[in-house]
Amino acid sequence: MKHRIVYHTEDGDFETYGTLKEVEGKLPARHFSRCNSCYLINLKFVASVCDYTCDVAGEKLKISQPRKKEFMKALSDYIGGGLDV
């Protein structure tokens, strides 16, 4: 079923219809991750994570328990991706 999707961008908010799964499949997985079933986040804009909340461009977004491990791994890989070890 198609749902209303809101893109929050630096140039403003844009709406369309579709599913997050469709959108997720079109974006580079290294830069985007889902913290719960409602949000697909550009990891570049994650300012902080505290328990089950992440701060994205000043917005506090809930991280669901089932997605936390995967989300934190994606964030860690994103942040550490530029490091040569």
# chains A, B, ... in the order shown; residues from 1 in each chain; ligands from 1

call {"tool": "residues_around", "arguments": {"residues": "Ile63 (chain A)", "least_positions_apart": "6", "cutoff": "9 Å", "atoms": "only C-alpha atoms", "output": "PDB file with N, CA, C and O atoms, in the first residue's frame"}}
result
ATOM      1  N   ARG A  34      17.567   2.815   8.517  1.00  0.00           N
ATOM      2  CA  ARG A  34      16.290   2.993   9.203  1.00  0.00           C
ATOM      3  C   ARG A  34      16.486   2.793  10.695  1.00  0.00           C
ATOM      4  O   ARG A  34      17.061   1.819  11.128  1.00  0.00           O
ATOM      5  N   CYS A  35      16.001   3.764  11.464  1.00  0.00           N
ATOM      6  CA  CYS A  35      16.085   3.637  12.918  1.00  0.00           C
ATOM      7  C   CYS A  35      14.805   3.035  13.480  1.00  0.00           C
ATOM      8  O   CYS A  35      14.770   2.576  14.609  1.00  0.00           O
ATOM      9  N   ASN A  36      13.748   3.069  12.699  1.00  0.00           N
ATOM     10  CA  ASN A  36      12.486   2.406  13.032  1.00  0.00           C
ATOM     11  C   ASN A  36      11.685   2.281  11.745  1.00  0.00           C
ATOM     12  O   ASN A  36      12.189   2.609  10.679  1.00  0.00           O
ATOM     13  N   ASP A  51      20.724   6.389  24.140  1.00  0.00           N
ATOM     14  CA  ASP A  51      19.790   5.296  24.398  1.00  0.00           C
ATOM     15  C   ASP A  51      19.020   4.951  23.130  1.00  0.00           C
ATOM     16  O   ASP A  51      19.599   4.492  22.176  1.00  0.00           O
ATOM     17  N   TYR A  52      17.724   5.210  23.110  1.00  0.00           N
ATOM     18  CA  TYR A  52      16.887   4.860  21.957  1.00  0.00           C
ATOM     19  C   TYR A  52      16.387   6.106  21.231  1.00  0.00           C
ATOM     20  O   TYR A  52      15.288   6.115  20.659  1.00  0.00           O
ATOM     21  N   THR A  53      17.212   7.152  21.220  1.00  0.00           N
ATOM     22  CA  THR A  53      16.864   8.394  20.532  1.00  0.00           C
ATOM     23  C   THR A  53      18.070   8.880  19.745  1.00  0.00           C
ATOM     24  O   THR A  53      19.194   8.856  20.237  1.00  0.00           O
ATOM     25  N   CYS A  54      17.839   9.317  18.517  1.00  0.00           N
ATOM     26  CA  CYS A  54      18.916   9.939  17.763  1.00  0.00           C
ATOM     27  C   CYS A  54      18.501  11.360  17.399  1.00  0.00           C
ATOM     28  O   CYS A  54      17.322  11.642  17.170  1.00  0.00           O
ATOM     29  N   PHE A  71      21.024  -0.266  13.129  1.00  0.00           N
ATOM     30  CA  PHE A  71      21.201   1.169  12.940  1.00  0.00           C
ATOM     31  C   PHE A  71      22.565   1.619  13.471  1.00  0.00           C
ATOM     32  O   PHE A  71      23.295   2.361  12.803  1.00  0.00           O
TER      33      PHE A  71
END

call {"tool": "residues_around", "arguments": {"residues": "Ala47 (chain A)", "least_positions_apart": "4", "cutoff": "9 Å", "atoms": "only C-alpha atoms", "output": "list in words"}}
result
Leu43, Cys54, Asp55, Val56, Ala57 and Gly58 of chain A

call {"tool": "residues_around", "arguments": {"residues": "region 3-9 of chain A", "least_positions_apart": "3", "cutoff": "9 Å", "atoms": "only C-alpha atoms", "output": "PyMOL selection string"}}
result
chain A and resi 12-20

call {"tool": "residues_around", "arguments": {"residues": "region 79-81 of chain A", "least_positions_apart": "5", "cutoff": "10 Å", "atoms": "only C-alpha atoms", "output": "PyMOL selection string"}}
result
chain A and resi 30-31+43-44+73-74

call {"tool": "write_last_selection", "arguments": {"atoms": "C-alpha atoms", "output": "CSV table (one decimal), in the first residue's frame"}}
result
chain,number,residue,atom,x,y,z
A,30,ARG,CA,26.1,3.1,3.1
A,31,HIS,CA,24.6,6.6,3.6
A,43,LEU,CA,23.6,9.2,8.4
A,44,LYS,CA,25.5,12.4,7.5
A,73,LYS,CA,26.3,-0.7,13.0
A,74,ALA,CA,25.4,1.3,9.9

call {"tool": "closest_residue", "arguments": {"among": "A:Pro66, A:Asp11, A:Val49, A:Leu75", "to": "Ser33 (chain A)", "atoms": "only C-alpha atoms"}}
result
A:Leu75
